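The block underneath contains the structure these notes are about, expressed in C-alpha cells.
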Amino acid sequence: MNTQLLHPASDPEAIATAAELLRRGEIVGIPTETVYGLAADACNVDAVHRIFAAKGRPQDNPLIVHIADLEQMYDIAAVVPDEAKALAETYWPGPMTIILPKKEIIPMVTSGGLNTVGIRLPSHPIARAIIRAAGVPLAAPSANRSGRPSTTTAQHVMEDLDGKIAAVVDGGPCSVGVESTVISLCGPVPRLLRPGGISLEQLEAVLGDVTVDRALREKIDDTETVSAPGMKYRHYAPKAPVTVVFGSPEQSAAYISAQLGENSGVLCFDDCASHFAGHAVIETFGRSDDETEQAREVFDALRRFDTTDVAEIYAQCPPSTGIGLAVSNRIKKAAGFHVIDLTEGET
C-alpha cells in the first residue's frame with residue numbers, strides 16, 4: 001500500500017481526501033492535540049479491524065471514539081449523566097475521554113467487547129474538520145505500532161505505519177504530547193482509568209471524589225478485562241529496557257550516575273543533563289519544574305533512543321501531581337513498572 005502524506009496547510013483538498021478515504025473504510029493517521037490518532041469509521045466493523053491489524057494491537061483493547069461536536073455524544077452514549085454533561089461543558093473540546101454505556105451503533109469490536117464506550121471531542125481543528133467532513137464518528141487509538149512510544153508528529157506515524165495505512169494528515173507537532181485523560185462514569189463513583197492532559201485535580205474540581213484505578217500504580221495482568229486503552233500490555237516502550245528512578249532531581253541524578261555502564265542511556269530533565277555528560281547517551285524531555293514541556297517531549301525522547309545502540313535506559317520521573325501524573329504513568333509503563341523509589345522510608 002502506498003501511504004499518502006497529506007498537508008492541509010498547503011493543500012485545500014487534503015481534508016476532503018482524508019474524509020473520503022475514511023468513508024470508504026480506509027484508515028488514516030490524523031493529528032490531535034494529544035498524539036496522532038489512527039482513525040477509521042467507528043461504526044464500520046471491517047475498518048476497525050484494519051486498525052488492529054495495522055497496529056498489531058490486541059482486540060480486547062478498547063478504542064476511543066472521536067466526535068466533532070458535543071451533541072454527537074448523545075448519538076453514541078445510551079446514558080449521559082449530569083456528571084458527563086458537566087465535564088463536557090468544562091473541558092471539551094480538549095484532552096479528555098469520558099466512558100459511558102454505549103448504544104448499539106458502536107460495534108463490539110470498537111469497544112473491546114464491552115457495553116461501554118470512550119468518547120472524546122478533540123480540540124485540534126484539523127481533527128474536528130476531518131470528522132465533520134467524513135460524517136461519521138472516528139475510532140482513533142494512537143497512530144503507532146502497538147507497544148511503541150506514541151506518535152506526536154506525522155513523521156513518527158510514517159516511521160511506524162508507512163505502507164500499512166492509506167494516508168497520514170500532517171497537522172504539525174501535537175501541543176499536549178500525552179494521550180487524553182480517561183474517566184469512567186459507569187460506576188457509583190467516577191474512576192480515573194488513565195491520566196492525561198486534564199489532571200486528576202481538574203476532574204475533582206468538577207466531580208468531587210474520583211477513584212484512581214490501580215492500573216496507574218502497578219502492572220495489570222494481560223488476562224484482565226479493562227475499560228480503557230493503555231491499561232494493560234506493554235506500552236510506550238523503546239527497544240531497550242527502561243528503569244525508572246523516582247526521587248528528587250538531585251537524588252535520581254546521583255543514583256543514575258552511579259549505575260551507568262558503557263552502553264547506558266539516560267532519559268533526564270534538561271537541568272540534570274550535565275550529571276551524565278560523557279558517560280551515557282542522553283535524551284532530555286524538559287526542565288524538572290516544567291511538566292507541560294515534559295508531556296510534549298517524553299515520547300519524542302523515548303523514540304530517539306531507538307536510533308542508538310543503548311542496551312539499557314535509566315529514566316528520571318516527575319512527581320505524580322498535575323499533568324506530571326500522566327508523564328510519570330507513561331514512563332513507568334514504558335519500564336513495565338520497573339521502578340526504583342528513592343523516597344521510600346522518608347518522612
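We name chains A, B, ... following the order of the C-alpha cells; residues begin at 1 in each chain, and ligands are numbered from 1 as shown.
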
Legend entry - Near-range 87-96 of chain A list (10 Å; only C-alpha atoms; drop same-chain fewer than 5 positions) as a ChimeraX atom specification: /A:32-35,67-70,73,82,118-125,128,176,178-183,194-199,202-203,205-207

Got time to write the residues from that selection, C-alpha atoms, as a PDB file, in the first residue's frame?
ATOM      1  CA  THR A  32      -4.989  15.691  17.579  1.00  0.00           C
ATOM      2  CA  GLU A  33      -3.806  17.936  20.373  1.00  0.00           C
ATOM      3  CA  THR A  34      -2.673  14.893  22.396  1.00  0.00           C
ATOM      4  CA  VAL A  35      -0.972  12.464  19.981  1.00  0.00           C
ATOM      5  CA  ILE A  67     -16.587  13.310  17.709  1.00  0.00           C
ATOM      6  CA  ALA A  68     -16.641  16.805  16.229  1.00  0.00           C
ATOM      7  CA  ASP A  69     -19.465  18.349  18.265  1.00  0.00           C
ATOM      8  CA  LEU A  70     -20.780  17.789  21.770  1.00  0.00           C
ATOM      9  CA  MET A  73     -22.224  12.249  22.381  1.00  0.00           C
ATOM     10  CA  ASP A  82     -25.219  15.056  34.689  1.00  0.00           C
ATOM     11  CA  GLY A 118     -14.931   6.057  25.470  1.00  0.00           C
ATOM     12  CA  ILE A 119     -15.944   9.334  23.795  1.00  0.00           C
ATOM     13  CA  ARG A 120     -13.702  12.321  23.119  1.00  0.00           C
ATOM     14  CA  LEU A 121     -14.166  15.729  21.499  1.00  0.00           C
ATOM     15  CA  PRO A 122     -10.656  16.811  20.445  1.00  0.00           C
ATOM     16  CA  SER A 123      -9.651  20.448  20.257  1.00  0.00           C
ATOM     17  CA  HIS A 124      -7.378  20.116  17.217  1.00  0.00           C
ATOM     18  CA  PRO A 125      -9.146  21.958  14.366  1.00  0.00           C
ATOM     19  CA  ARG A 128     -12.605  18.055  14.013  1.00  0.00           C
ATOM     20  CA  VAL A 176      -0.155  18.256  24.646  1.00  0.00           C
ATOM     21  CA  VAL A 178       0.434  12.554  26.006  1.00  0.00           C
ATOM     22  CA  GLU A 179      -2.859  10.785  25.395  1.00  0.00           C
ATOM     23  CA  SER A 180      -6.171  12.001  26.766  1.00  0.00           C
ATOM     24  CA  THR A 181      -7.331  11.586  30.325  1.00  0.00           C
ATOM     25  CA  VAL A 182      -9.835   8.706  30.559  1.00  0.00           C
ATOM     26  CA  ILE A 183     -12.574   8.996  33.194  1.00  0.00           C
ATOM     27  CA  ARG A 194      -5.726   6.900  32.507  1.00  0.00           C
ATOM     28  CA  PRO A 195      -4.134  10.242  33.384  1.00  0.00           C
ATOM     29  CA  GLY A 196      -3.617  12.736  30.583  1.00  0.00           C
ATOM     30  CA  GLY A 197      -3.923  16.362  29.598  1.00  0.00           C
ATOM     31  CA  ILE A 198      -6.740  17.027  32.086  1.00  0.00           C
ATOM     32  CA  SER A 199      -5.362  16.434  35.571  1.00  0.00           C
ATOM     33  CA  GLN A 202      -9.168  19.306  37.431  1.00  0.00           C
ATOM     34  CA  LEU A 203     -11.532  16.324  37.409  1.00  0.00           C
ATOM     35  CA  ALA A 205     -12.898  20.282  40.799  1.00  0.00           C
ATOM     36  CA  VAL A 206     -15.976  19.248  38.790  1.00  0.00           C
ATOM     37  CA  LEU A 207     -16.817  15.801  40.173  1.00  0.00           C
TER      38      LEU A 207
END

Legend entry - Surrounding residues of Leu216 in chain A excluding itself and chain neighbours under 2 positions, 8 Å, only C-alpha atoms, as a PyMOL selection string: chain A and resi 193-195+212-214+218+231+329

Residues from last step as file, N, CA, C and O atoms, as a PDB file, in the first residue's frame:
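Output contents, as saved in out.pdb:
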ATOM      1  N   LEU A 193      -9.127   6.178  34.825  1.00  0.00           N
ATOM      2  CA  LEU A 193      -8.514   4.994  34.248  1.00  0.00           C
ATOM      3  C   LEU A 193      -7.170   5.283  33.597  1.00  0.00           C
ATOM      4  O   LEU A 193      -6.329   4.392  33.496  1.00  0.00           O
ATOM      5  N   ARG A 194      -6.996   6.507  33.118  1.00  0.00           N
ATOM      6  CA  ARG A 194      -5.726   6.900  32.507  1.00  0.00           C
ATOM      7  C   ARG A 194      -5.523   8.390  32.700  1.00  0.00           C
ATOM      8  O   ARG A 194      -6.396   9.178  32.347  1.00  0.00           O
ATOM      9  N   PRO A 195      -4.394   8.806  33.261  1.00  0.00           N
ATOM     10  CA  PRO A 195      -4.134  10.242  33.384  1.00  0.00           C
ATOM     11  C   PRO A 195      -3.700  10.820  32.049  1.00  0.00           C
ATOM     12  O   PRO A 195      -3.131  10.125  31.203  1.00  0.00           O
ATOM     13  N   VAL A 212      -8.963   6.460  41.807  1.00  0.00           N
ATOM     14  CA  VAL A 212      -7.853   6.247  40.883  1.00  0.00           C
ATOM     15  C   VAL A 212      -7.654   4.750  40.700  1.00  0.00           C
ATOM     16  O   VAL A 212      -7.428   4.021  41.669  1.00  0.00           O
ATOM     17  N   ASP A 213      -7.754   4.279  39.469  1.00  0.00           N
ATOM     18  CA  ASP A 213      -7.634   2.854  39.196  1.00  0.00           C
ATOM     19  C   ASP A 213      -6.221   2.373  39.506  1.00  0.00           C
ATOM     20  O   ASP A 213      -5.237   3.091  39.295  1.00  0.00           O
ATOM     21  N   ARG A 214      -6.117   1.132  39.970  1.00  0.00           N
ATOM     22  CA  ARG A 214      -4.810   0.597  40.349  1.00  0.00           C
ATOM     23  C   ARG A 214      -3.880   0.448  39.147  1.00  0.00           C
ATOM     24  O   ARG A 214      -2.655   0.330  39.324  1.00  0.00           O
ATOM     25  N   GLU A 218       0.386   0.095  39.108  1.00  0.00           N
ATOM     26  CA  GLU A 218       1.002  -1.220  39.003  1.00  0.00           C
ATOM     27  C   GLU A 218       0.648  -1.859  37.673  1.00  0.00           C
ATOM     28  O   GLU A 218      -0.303  -1.458  36.988  1.00  0.00           O
ATOM     29  N   MET A 231      -4.264   0.355  29.614  1.00  0.00           N
ATOM     30  CA  MET A 231      -4.302  -0.108  30.997  1.00  0.00           C
ATOM     31  C   MET A 231      -3.531  -1.405  31.201  1.00  0.00           C
ATOM     32  O   MET A 231      -3.168  -1.739  32.327  1.00  0.00           O
ATOM     33  N   ASN A 329       3.143   8.229  34.614  1.00  0.00           N
ATOM     34  CA  ASN A 329       2.483   6.991  34.206  1.00  0.00           C
ATOM     35  C   ASN A 329       3.068   6.444  32.914  1.00  0.00           C
ATOM     36  O   ASN A 329       3.321   5.239  32.785  1.00  0.00           O
TER      37      ASN A 329
END

Inset, instruction - If you run DSSP over the backbone, which residues in range 150-259 of chain A end up strand (DSSP E or B)? Put them as a ChimeraX atom specification. - result: /A:167-169,181-184,191-194,211-212,242-246

Inset, instruction - Tell me which of A:Val157, A:Leu192, A:Ala280, A:Val245 sits closest to Thr3 in chain A, counting only C-alpha atoms. - result: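 Closest residue, counting only C-alpha atoms: A:Val157.
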
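Every protein, DNA or RNA residue with an atom at most 6 Å from range 184-188 of chain A, where only C-alpha atoms count and chain neighbours fewer than 3 positions away do not, is listed here: A:Ile98, A:Ile99, A:Leu100, A:Arg191.
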
Legend entry - Selected residue of minimal separation from Asn2 in chain A among A:Asp290, A:Asp162, A:Asp60, A:Glu20, counting only C-alpha atoms: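 Among the listed residues, A:Asp162 lies closest to Asn2 in chain A.
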
Inset, instruction - Please measure the separation of CA of Thr152 in chain A and CA of Pro173 in chain A, giving the value in Å to one decimal. - result: 5.7 Å

Legend entry - Residue neighbourhood range 293-309 of chain A, 7 Å, only C-alpha atoms, exclusion window fewer than 4 positions, as JSON, numbers by chain: {"A": [149, 150, 175, 176, 177, 178, 238, 239, 283, 284, 285, 286, 327]}

Taking N, CA, C and O atoms for each residue, export the selection above as a JSON list (two decimals), in the first residue's frame.
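In the end it all went to part34.json:
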[["chain", "number", "residue", "atom", "x", "y", "z"],
["A", 149, "PRO", "N", 6.43, 3.85, 21.64],
["A", 149, "PRO", "CA", 6.04, 5.18, 22.09],
["A", 149, "PRO", "C", 5.05, 5.82, 21.13],
["A", 149, "PRO", "O", 5.13, 5.63, 19.90],
["A", 150, "SER", "N", 4.10, 6.56, 21.66],
["A", 150, "SER", "CA", 3.08, 7.19, 20.82],
["A", 150, "SER", "C", 3.69, 8.23, 19.89],
["A", 150, "SER", "O", 4.81, 8.70, 20.11],
["A", 175, "SER", "N", 0.36, 19.50, 20.60],
["A", 175, "SER", "CA", 0.60, 20.51, 21.63],
["A", 175, "SER", "C", 0.61, 19.95, 23.05],
["A", 175, "SER", "O", 1.28, 20.50, 23.93],
["A", 176, "VAL", "N", -0.12, 18.85, 23.30],
["A", 176, "VAL", "CA", -0.16, 18.26, 24.65],
["A", 176, "VAL", "C", 0.91, 17.18, 24.78],
["A", 176, "VAL", "O", 1.71, 17.20, 25.71],
["A", 177, "GLY", "N", 0.93, 16.21, 23.87],
["A", 177, "GLY", "CA", 2.02, 15.26, 23.82],
["A", 177, "GLY", "C", 1.81, 13.94, 24.52],
["A", 177, "GLY", "O", 2.54, 13.00, 24.29],
["A", 178, "VAL", "N", 0.84, 13.84, 25.42],
["A", 178, "VAL", "CA", 0.43, 12.55, 26.01],
["A", 178, "VAL", "C", -1.05, 12.37, 25.74],
["A", 178, "VAL", "O", -1.79, 13.33, 25.51],
["A", 238, "PRO", "N", 10.55, 2.03, 24.28],
["A", 238, "PRO", "CA", 11.61, 1.88, 23.29],
["A", 238, "PRO", "C", 12.12, 0.44, 23.29],
["A", 238, "PRO", "O", 11.67, -0.39, 24.08],
["A", 239, "LYS", "N", 13.06, 0.13, 22.42],
["A", 239, "LYS", "CA", 13.55, -1.25, 22.30],
["A", 239, "LYS", "C", 14.36, -1.68, 23.53],
["A", 239, "LYS", "O", 14.27, -2.82, 23.97],
["A", 283, "GLU", "N", 19.05, 11.73, 26.49],
["A", 283, "GLU", "CA", 17.89, 12.36, 25.86],
["A", 283, "GLU", "C", 17.14, 13.13, 26.95],
["A", 283, "GLU", "O", 16.82, 12.57, 28.00],
["A", 284, "THR", "N", 16.88, 14.39, 26.70],
["A", 284, "THR", "CA", 16.19, 15.22, 27.68],
["A", 284, "THR", "C", 14.73, 15.41, 27.28],
["A", 284, "THR", "O", 14.37, 15.29, 26.10],
["A", 285, "PHE", "N", 13.88, 15.73, 28.27],
["A", 285, "PHE", "CA", 12.44, 15.89, 27.97],
["A", 285, "PHE", "C", 11.83, 17.02, 28.78],
["A", 285, "PHE", "O", 10.68, 16.96, 29.19],
["A", 286, "GLY", "N", 12.58, 18.11, 28.95],
["A", 286, "GLY", "CA", 12.04, 19.27, 29.64],
["A", 286, "GLY", "C", 12.68, 19.49, 30.99],
["A", 286, "GLY", "O", 13.27, 18.58, 31.59],
["A", 327, "VAL", "N", 2.70, 12.05, 32.79],
["A", 327, "VAL", "CA", 4.08, 11.82, 32.35],
["A", 327, "VAL", "C", 4.70, 10.66, 33.12],
["A", 327, "VAL", "O", 5.30, 9.75, 32.55]]

Inset, instruction - Enumerate as a VMD selection string all residues of range 235-320 of chain A assigned to alpha helix (DSSP H) by DSSP on the backbone, naming them with the chain letters and numbers the document uses. - result: chain A and resid 249 to 259 291 to 304

Compile the contact shell of Gln4 in chain A as a JSON list (two decimals) with N, CA and C atoms, in the first residue's frame: residues with an atom at most 12 Å away, counting only C-alpha atoms, same-chain residues fewer than 2 positions apart removed.
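Result file is part-v9.json:
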[["chain", "number", "residue", "atom", "x", "y", "z"],
["A", 1, "MET", "N", 0.85, -1.21, 0.00],
["A", 1, "MET", "CA", 0.00, 0.00, 0.00],
["A", 1, "MET", "C", 0.88, 1.25, 0.00],
["A", 2, "ASN", "N", 0.51, 2.22, -0.83],
["A", 2, "ASN", "CA", 1.23, 3.49, -0.87],
["A", 2, "ASN", "C", 0.55, 4.48, 0.07],
["A", 6, "LEU", "N", -0.62, 13.85, 3.50],
["A", 6, "LEU", "CA", -1.47, 14.98, 3.15],
["A", 6, "LEU", "C", -1.12, 16.19, 3.99],
["A", 7, "HIS", "N", -1.13, 17.37, 3.36],
["A", 7, "HIS", "CA", -0.70, 18.60, 4.03],
["A", 7, "HIS", "C", -1.82, 19.65, 3.94],
["A", 14, "ALA", "N", -6.85, 18.43, 1.12],
["A", 14, "ALA", "CA", -6.31, 17.38, 1.99],
["A", 14, "ALA", "C", -7.37, 16.82, 2.94],
["A", 17, "THR", "N", -9.89, 14.75, 1.04],
["A", 17, "THR", "CA", -9.28, 13.48, 0.64],
["A", 17, "THR", "C", -9.27, 12.49, 1.80],
["A", 18, "ALA", "N", -8.86, 12.97, 2.97],
["A", 18, "ALA", "CA", -8.85, 12.11, 4.16],
["A", 18, "ALA", "C", -10.25, 11.62, 4.48],
["A", 21, "LEU", "N", -11.40, 8.86, 2.10],
["A", 21, "LEU", "CA", -10.76, 7.59, 2.42],
["A", 21, "LEU", "C", -11.44, 6.94, 3.62],
["A", 26, "GLU", "N", -11.16, 3.03, 4.73],
["A", 26, "GLU", "CA", -9.70, 3.04, 4.92],
["A", 26, "GLU", "C", -9.36, 3.62, 6.30],
["A", 27, "ILE", "N", -8.09, 3.45, 6.68],
["A", 27, "ILE", "CA", -7.63, 4.06, 7.94],
["A", 27, "ILE", "C", -6.61, 5.15, 7.63],
["A", 28, "VAL", "N", -6.65, 6.22, 8.43],
["A", 28, "VAL", "CA", -5.88, 7.42, 8.16],
["A", 28, "VAL", "C", -5.29, 7.93, 9.47],
["A", 29, "GLY", "N", -4.01, 8.27, 9.46],
["A", 29, "GLY", "CA", -3.39, 8.92, 10.61],
["A", 29, "GLY", "C", -3.78, 10.39, 10.64],
["A", 154, "ALA", "N", 3.66, 13.77, 12.28],
["A", 154, "ALA", "CA", 3.32, 12.95, 11.13],
["A", 154, "ALA", "C", 4.50, 12.06, 10.72],
["A", 157, "VAL", "N", 4.46, 8.87, 12.62],
["A", 157, "VAL", "CA", 3.46, 7.95, 12.10],
["A", 157, "VAL", "C", 4.01, 7.22, 10.87],
["A", 158, "MET", "N", 4.65, 7.95, 9.98],
["A", 158, "MET", "CA", 5.21, 7.33, 8.78],
["A", 158, "MET", "C", 6.30, 6.32, 9.15],
["A", 161, "LEU", "N", 4.12, 3.26, 10.37],
["A", 161, "LEU", "CA", 2.98, 2.70, 9.64],
["A", 161, "LEU", "C", 3.00, 2.95, 8.14],
["A", 162, "ASP", "N", 4.08, 3.47, 7.60],
["A", 162, "ASP", "CA", 4.17, 3.69, 6.16],
["A", 162, "ASP", "C", 3.98, 2.36, 5.44],
["A", 163, "GLY", "N", 3.07, 2.34, 4.47],
["A", 163, "GLY", "CA", 2.76, 1.14, 3.72],
["A", 163, "GLY", "C", 1.68, 0.28, 4.34],
["A", 164, "LYS", "N", 1.24, 0.63, 5.56],
["A", 164, "LYS", "CA", 0.21, -0.15, 6.25],
["A", 164, "LYS", "C", -1.14, 0.56, 6.30],
["A", 165, "ILE", "N", -1.16, 1.89, 6.02],
["A", 165, "ILE", "CA", -2.39, 2.66, 6.09],
["A", 165, "ILE", "C", -2.51, 3.52, 4.84],
["A", 166, "ALA", "N", -3.72, 4.05, 4.61],
["A", 166, "ALA", "CA", -3.98, 4.77, 3.36],
["A", 166, "ALA", "C", -3.31, 6.14, 3.32],
["A", 167, "ALA", "N", -3.31, 6.85, 4.46],
["A", 167, "ALA", "CA", -2.79, 8.23, 4.44],
["A", 167, "ALA", "C", -2.45, 8.68, 5.85],
["A", 168, "VAL", "N", -1.64, 9.74, 5.91],
["A", 168, "VAL", "CA", -1.34, 10.46, 7.15],
["A", 168, "VAL", "C", -1.57, 11.93, 6.86],
["A", 169, "VAL", "N", -2.31, 12.60, 7.74],
["A", 169, "VAL", "CA", -2.56, 14.03, 7.60],
["A", 169, "VAL", "C", -1.59, 14.77, 8.51],
["A", 170, "ASP", "N", -0.75, 15.62, 7.94],
["A", 170, "ASP", "CA", 0.27, 16.33, 8.70],
["A", 170, "ASP", "C", -0.33, 17.62, 9.27]]

Legend entry - Point-to-point distance from CA of Ala253 in chain A to CA of Cys272 in chain A, Å rounded to tenths: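 Computing it gives 6.7 Å between the two atoms.
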
Legend entry - Selection near range 105-117 of chain A, 12 Å with only C-alpha atoms, sequence-local residues under 5 positions removed, as a PyMOL selection string: chain A and resi 39-52+57-66+73-80+97-100+136-141+182-187+225-229
